[in-house]
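Only one structure is covered here, and it is reproduced in the block below.
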Amino acid sequence: MTTKQPPKHAHSKVRQAFDQMKSGRMDRREFIRIAALLGVSAGAAYSLAGVPSPAWALENSPFPKVEGEPKNGGILKVAMQVQKVEDPATFNWVEMSNEARHTLEYLAMTGTDNITRPMLAESWQASEDLTTWTINLRKGVMWHNGDELTAEHIVWNVKRWLDPDLAAGGILGLSTFSAMREETGEKDSDGKPILRMIDGAVEAVDKYTVRFNLKKPVLSVPEDCYNYPTAILHPSFTPPFSDNPIGTGPYTITELKVGDRCILKRVEKTSDGKAFKYWGGDVYLDEIHYYNFDEENQVTALASGDVDAIYEVTVEQLELAKALGVQIHAARTAQTLVCRMQLDQKPFD
């Protein structure tokens, strides 16, 4: 297995990580992750590590290559809890983002190989001290209302996320957006410090270029831009999103009944009558349907043929799912179950 040397223009942290990988102090997968975060294309990062790039991974796209000869049309039916879709910035359940992610998109997307690739962004560059990040947007990305995605739209989103009145706790816990705020010296009614956006935290350099200016170094900026509450909204947004679902994705929500169903249909025309061309390539399915099933009932729905796929399988039902002869996709996540012990009760006292 052979390795190449990082190009001279690569970020110094890429060269540093490369040296650590060569000396055995960093594994190849972690090197690929870091190199991609610092602006090296996924294909080039795999090549530097001497690891074959996944067959499904396109060089500058988060989407897999088309295999075989797919046919147009059809409806995909999925069993999952169907939840409200009000304000993506305050999403606190993955199911909410699943319902919205075919309509709304992100600046970047982290794949099943844990490598982050550009999505609405085309590329990015970090300063040597990792406090300034320049994000270059794809040109020609169309909103469902006919507008083109611009840097000002990204600026509007980031400023909204940092608004203390929004209380977007999931976003503000991310390193990138935490590094865009500072204390005001004042406290709220609960005695907690009141924070505000630092001056110049986000700016539109030109129509297709956004710059993040952080108060401290952050490596995870591209990853943070794929956390599920950081979906990019059109500035005309008013909650609930499900009532006026303007996005850049290939589908739009046409019906949402919480606890029942969420229906998405492929976007053919913009609201101003233009033909809608999705930037991400060909789209084959006509519709995606989510039907509400609690997790303990999802395998039953799959077995009966009511749905084509389910969101999750409980440990208790895993063997039953295997017996159905279906494909089961396992995913490593950071989801954690926390057990808090009562320290005044035996045996934890």
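To be explicit about the labels: the chains of the structure tokens are called A, B, and onward in the order shown, and within each one the residues are counted from 1, while ligands get numbers from 1 in the order they are shown.
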Region 257-266 of chain A environment, 9 Å, only C-alpha atoms, sequence neighbours closer than 3 positions dropped, as a ChimeraX atom specification: /A:81-85,99,102-103,250-254,283-293
Gly43 (chain A) surroundings by only C-alpha atoms, 12 Å radius, close-in-sequence under 2 positions cut, as a ChimeraX atom specification: /A:32-33,35-36,39-41,45-62,115-117
Mind dumping the selected residues with C-alpha atoms as a PDB file, in the first residue's frame?
```
ATOM      1  CA  ILE A  32      -9.208  11.072   6.131  1.00  0.00           C
ATOM      2  CA  ARG A  33     -11.835  12.680   8.387  1.00  0.00           C
ATOM      3  CA  ALA A  35      -8.201  16.142   5.910  1.00  0.00           C
ATOM      4  CA  ALA A  36     -11.761  16.397   4.560  1.00  0.00           C
ATOM      5  CA  GLY A  39     -10.898  21.272   2.746  1.00  0.00           C
ATOM      6  CA  VAL A  40      -9.220  18.307   1.061  1.00  0.00           C
ATOM      7  CA  SER A  41     -11.676  16.550  -1.245  1.00  0.00           C
ATOM      8  CA  ALA A  45      -8.016  12.362   1.328  1.00  0.00           C
ATOM      9  CA  TYR A  46      -8.587   8.649   0.689  1.00  0.00           C
ATOM     10  CA  SER A  47      -5.759   8.665  -1.835  1.00  0.00           C
ATOM     11  CA  LEU A  48      -3.364  10.357   0.618  1.00  0.00           C
ATOM     12  CA  ALA A  49      -4.160   7.656   3.163  1.00  0.00           C
ATOM     13  CA  GLY A  50      -3.631   4.906   0.634  1.00  0.00           C
ATOM     14  CA  VAL A  51      -7.191   3.666   1.180  1.00  0.00           C
ATOM     15  CA  PRO A  52      -9.569   2.931  -1.725  1.00  0.00           C
ATOM     16  CA  SER A  53     -12.375   5.479  -1.888  1.00  0.00           C
ATOM     17  CA  PRO A  54     -15.846   3.949  -1.376  1.00  0.00           C
ATOM     18  CA  ALA A  55     -17.445   3.084  -4.697  1.00  0.00           C
ATOM     19  CA  TRP A  56     -20.570   5.041  -3.785  1.00  0.00           C
ATOM     20  CA  ALA A  57     -18.728   8.275  -3.006  1.00  0.00           C
ATOM     21  CA  LEU A  58     -18.607  10.970  -5.657  1.00  0.00           C
ATOM     22  CA  GLU A  59     -15.653  13.357  -5.598  1.00  0.00           C
ATOM     23  CA  ASN A  60     -17.524  16.553  -4.723  1.00  0.00           C
ATOM     24  CA  SER A  61     -20.985  15.332  -3.828  1.00  0.00           C
ATOM     25  CA  PRO A  62     -22.532  13.840  -0.688  1.00  0.00           C
ATOM     26  CA  ILE A 115     -16.343  11.799   6.133  1.00  0.00           C
ATOM     27  CA  THR A 116     -17.894  15.234   5.637  1.00  0.00           C
ATOM     28  CA  ARG A 117     -18.458  16.355   2.051  1.00  0.00           C
TER      29      ARG A 117
END
```
Within 7 Å of region 298-309 of chain A, which residues of region 36-93 of chain A show up? Give each one with its shortest atom-to-atom distance in Å (one decimal) and the two atoms involved, counting only C-alpha atoms, rows by chain then rising residue number, as a tab-separated table.
```
residue	atom	partner	partner_atom	distance
A:Leu76	CA	A:Asp308	CA	6.4
A:Lys77	CA	A:Val307	CA	4.8
A:Val78	CA	A:Ala309	CA	4.8
A:Ala79	CA	A:Gln298	CA	5.8
```
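You can rank A:Leu214, A:Val158, A:Leu37, A:Ala321 by their closest distance to Asn114 (chain A) using only C-alpha atoms, and at the top of that list sits A:Leu37.
For Ala151 (chain A), the residues within 6 Å (counting only C-alpha atoms, excluding itself and residues fewer than 2 positions away along the chain) are His153, Ile154, Ala204, Lys207, Tyr208, Thr209 and Val210 of chain A.
Excluding Asn157 (chain A) itself and same-chain residues fewer than 3 positions from it, the residues having an atom within 8 Å of it are His153, Ile154, Arg160, Trp161, Ile232, Leu233 and Pro235 of chain A, counting only C-alpha atoms.
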Minimum-distance residue to Asn213 (chain A), chosen among A:Asp129, A:Glu152, A:Glu312, A:Glu296 (using only C-alpha atoms): A:Asp129
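For the residues A:Gly280, A:Pro229, A:Pro70, A:Gly111, ranking by smallest atom-to-atom distance to Gly173 (chain A) using only C-alpha atoms places A:Pro229 first.
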In region 69-234 of chain A, DSSP helix (DSSP H, G or I) residues written as a ChimeraX atom specification: /A:88-90,94-100,151-161,169-172,175-178,221-224,228-230
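Going from CA of Tyr228 (chain A) over to CA of Gly200 (chain A), you cover 24.6 Å.
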Separation of CA of Glu255 (chain A) from CA of Glu86 (chain A), in Å and rounded to one decimal: 13.5 Å
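Minimum atom-to-atom distance to Pro217 (chain A), evaluated using only C-alpha atoms, belongs to A:Ala179 out of A:Leu318, A:Cys339, A:Met142, A:Ala179.
Relative to CA of Ser97 (chain A), CA of Ala42 (chain A) is found at 25.1 Å.
On the backbone of this structure, DSSP gives strand (DSSP E) within region 236-302 of chain A to Tyr251, Thr252, Ile253, Thr254, Glu255, Leu256, Lys257, Arg261, Cys262, Ile263, Leu264, Lys265, Arg266, Glu287, Ile288, His289, Tyr290, Tyr291 and Asn292 of chain A.
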Would you save the residues of that selection, restricted to N, CA and C atoms, as a PDB file, in the first residue's frame?
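Dumped everything to again_32.pdb:
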```pdb
ATOM      1  N   TYR A 251     -37.786  17.322  -2.804  1.00  0.00           N
ATOM      2  CA  TYR A 251     -39.168  17.055  -2.402  1.00  0.00           C
ATOM      3  C   TYR A 251     -39.702  18.178  -1.529  1.00  0.00           C
ATOM      4  N   THR A 252     -41.023  18.226  -1.407  1.00  0.00           N
ATOM      5  CA  THR A 252     -41.651  19.179  -0.503  1.00  0.00           C
ATOM      6  C   THR A 252     -42.749  18.476   0.274  1.00  0.00           C
ATOM      7  N   ILE A 253     -42.997  18.942   1.485  1.00  0.00           N
ATOM      8  CA  ILE A 253     -44.052  18.364   2.316  1.00  0.00           C
ATOM      9  C   ILE A 253     -45.399  18.860   1.808  1.00  0.00           C
ATOM     10  N   THR A 254     -46.260  17.938   1.448  1.00  0.00           N
ATOM     11  CA  THR A 254     -47.593  18.312   0.960  1.00  0.00           C
ATOM     12  C   THR A 254     -48.691  18.000   1.970  1.00  0.00           C
ATOM     13  N   GLU A 255     -48.389  17.156   2.945  1.00  0.00           N
ATOM     14  CA  GLU A 255     -49.373  16.818   3.968  1.00  0.00           C
ATOM     15  C   GLU A 255     -48.650  16.371   5.231  1.00  0.00           C
ATOM     16  N   LEU A 256     -49.064  16.900   6.370  1.00  0.00           N
ATOM     17  CA  LEU A 256     -48.503  16.467   7.648  1.00  0.00           C
ATOM     18  C   LEU A 256     -49.608  16.390   8.685  1.00  0.00           C
ATOM     19  N   LYS A 257     -49.824  15.195   9.199  1.00  0.00           N
ATOM     20  CA  LYS A 257     -50.741  14.974  10.305  1.00  0.00           C
ATOM     21  C   LYS A 257     -49.946  14.283  11.399  1.00  0.00           C
ATOM     22  N   ARG A 261     -49.360  10.735   9.494  1.00  0.00           N
ATOM     23  CA  ARG A 261     -48.598  10.604   8.254  1.00  0.00           C
ATOM     24  C   ARG A 261     -47.910  11.911   7.865  1.00  0.00           C
ATOM     25  N   CYS A 262     -46.836  11.766   7.097  1.00  0.00           N
ATOM     26  CA  CYS A 262     -46.149  12.903   6.473  1.00  0.00           C
ATOM     27  C   CYS A 262     -45.897  12.507   5.021  1.00  0.00           C
ATOM     28  N   ILE A 263     -46.473  13.284   4.088  1.00  0.00           N
ATOM     29  CA  ILE A 263     -46.391  12.976   2.661  1.00  0.00           C
ATOM     30  C   ILE A 263     -45.500  13.998   1.975  1.00  0.00           C
ATOM     31  N   LEU A 264     -44.503  13.518   1.247  1.00  0.00           N
ATOM     32  CA  LEU A 264     -43.626  14.375   0.462  1.00  0.00           C
ATOM     33  C   LEU A 264     -43.757  14.025  -1.004  1.00  0.00           C
ATOM     34  N   LYS A 265     -43.775  15.049  -1.852  1.00  0.00           N
ATOM     35  CA  LYS A 265     -43.856  14.824  -3.290  1.00  0.00           C
ATOM     36  C   LYS A 265     -42.699  15.531  -3.989  1.00  0.00           C
ATOM     37  N   ARG A 266     -42.267  14.942  -5.089  1.00  0.00           N
ATOM     38  CA  ARG A 266     -41.168  15.509  -5.868  1.00  0.00           C
ATOM     39  C   ARG A 266     -41.580  16.870  -6.427  1.00  0.00           C
ATOM     40  N   GLU A 287     -42.820  10.056  -4.733  1.00  0.00           N
ATOM     41  CA  GLU A 287     -43.244  10.471  -3.404  1.00  0.00           C
ATOM     42  C   GLU A 287     -42.522   9.658  -2.330  1.00  0.00           C
ATOM     43  N   ILE A 288     -42.456  10.233  -1.133  1.00  0.00           N
ATOM     44  CA  ILE A 288     -41.966   9.545   0.068  1.00  0.00           C
ATOM     45  C   ILE A 288     -43.032   9.713   1.140  1.00  0.00           C
ATOM     46  N   HIS A 289     -43.475   8.612   1.719  1.00  0.00           N
ATOM     47  CA  HIS A 289     -44.509   8.658   2.744  1.00  0.00           C
ATOM     48  C   HIS A 289     -43.939   8.141   4.072  1.00  0.00           C
ATOM     49  N   TYR A 290     -44.136   8.897   5.136  1.00  0.00           N
ATOM     50  CA  TYR A 290     -43.844   8.413   6.480  1.00  0.00           C
ATOM     51  C   TYR A 290     -45.179   8.139   7.169  1.00  0.00           C
ATOM     52  N   TYR A 291     -45.316   6.941   7.722  1.00  0.00           N
ATOM     53  CA  TYR A 291     -46.523   6.579   8.456  1.00  0.00           C
ATOM     54  C   TYR A 291     -46.160   6.341   9.918  1.00  0.00           C
ATOM     55  N   ASN A 292     -47.017   6.820  10.792  1.00  0.00           N
ATOM     56  CA  ASN A 292     -46.708   6.794  12.219  1.00  0.00           C
ATOM     57  C   ASN A 292     -46.850   5.390  12.804  1.00  0.00           C
TER      58      ASN A 292
END
```
Polymer residues at most 10 Å from region 245-248 of chain A, only C-alpha atoms, same-chain spacing of 5 or more positions, as a VMD selection string: chain A and resid 85 100 to 106 120 141 to 149 231 to 240 253 to 254 267 270 to 271 276 to 280
Spatial neighbours of Ser175 (chain A), 8 Å, only C-alpha atoms, chain gap at least 6 places, as a VMD selection string: chain A and resid 218 220 to 221 224
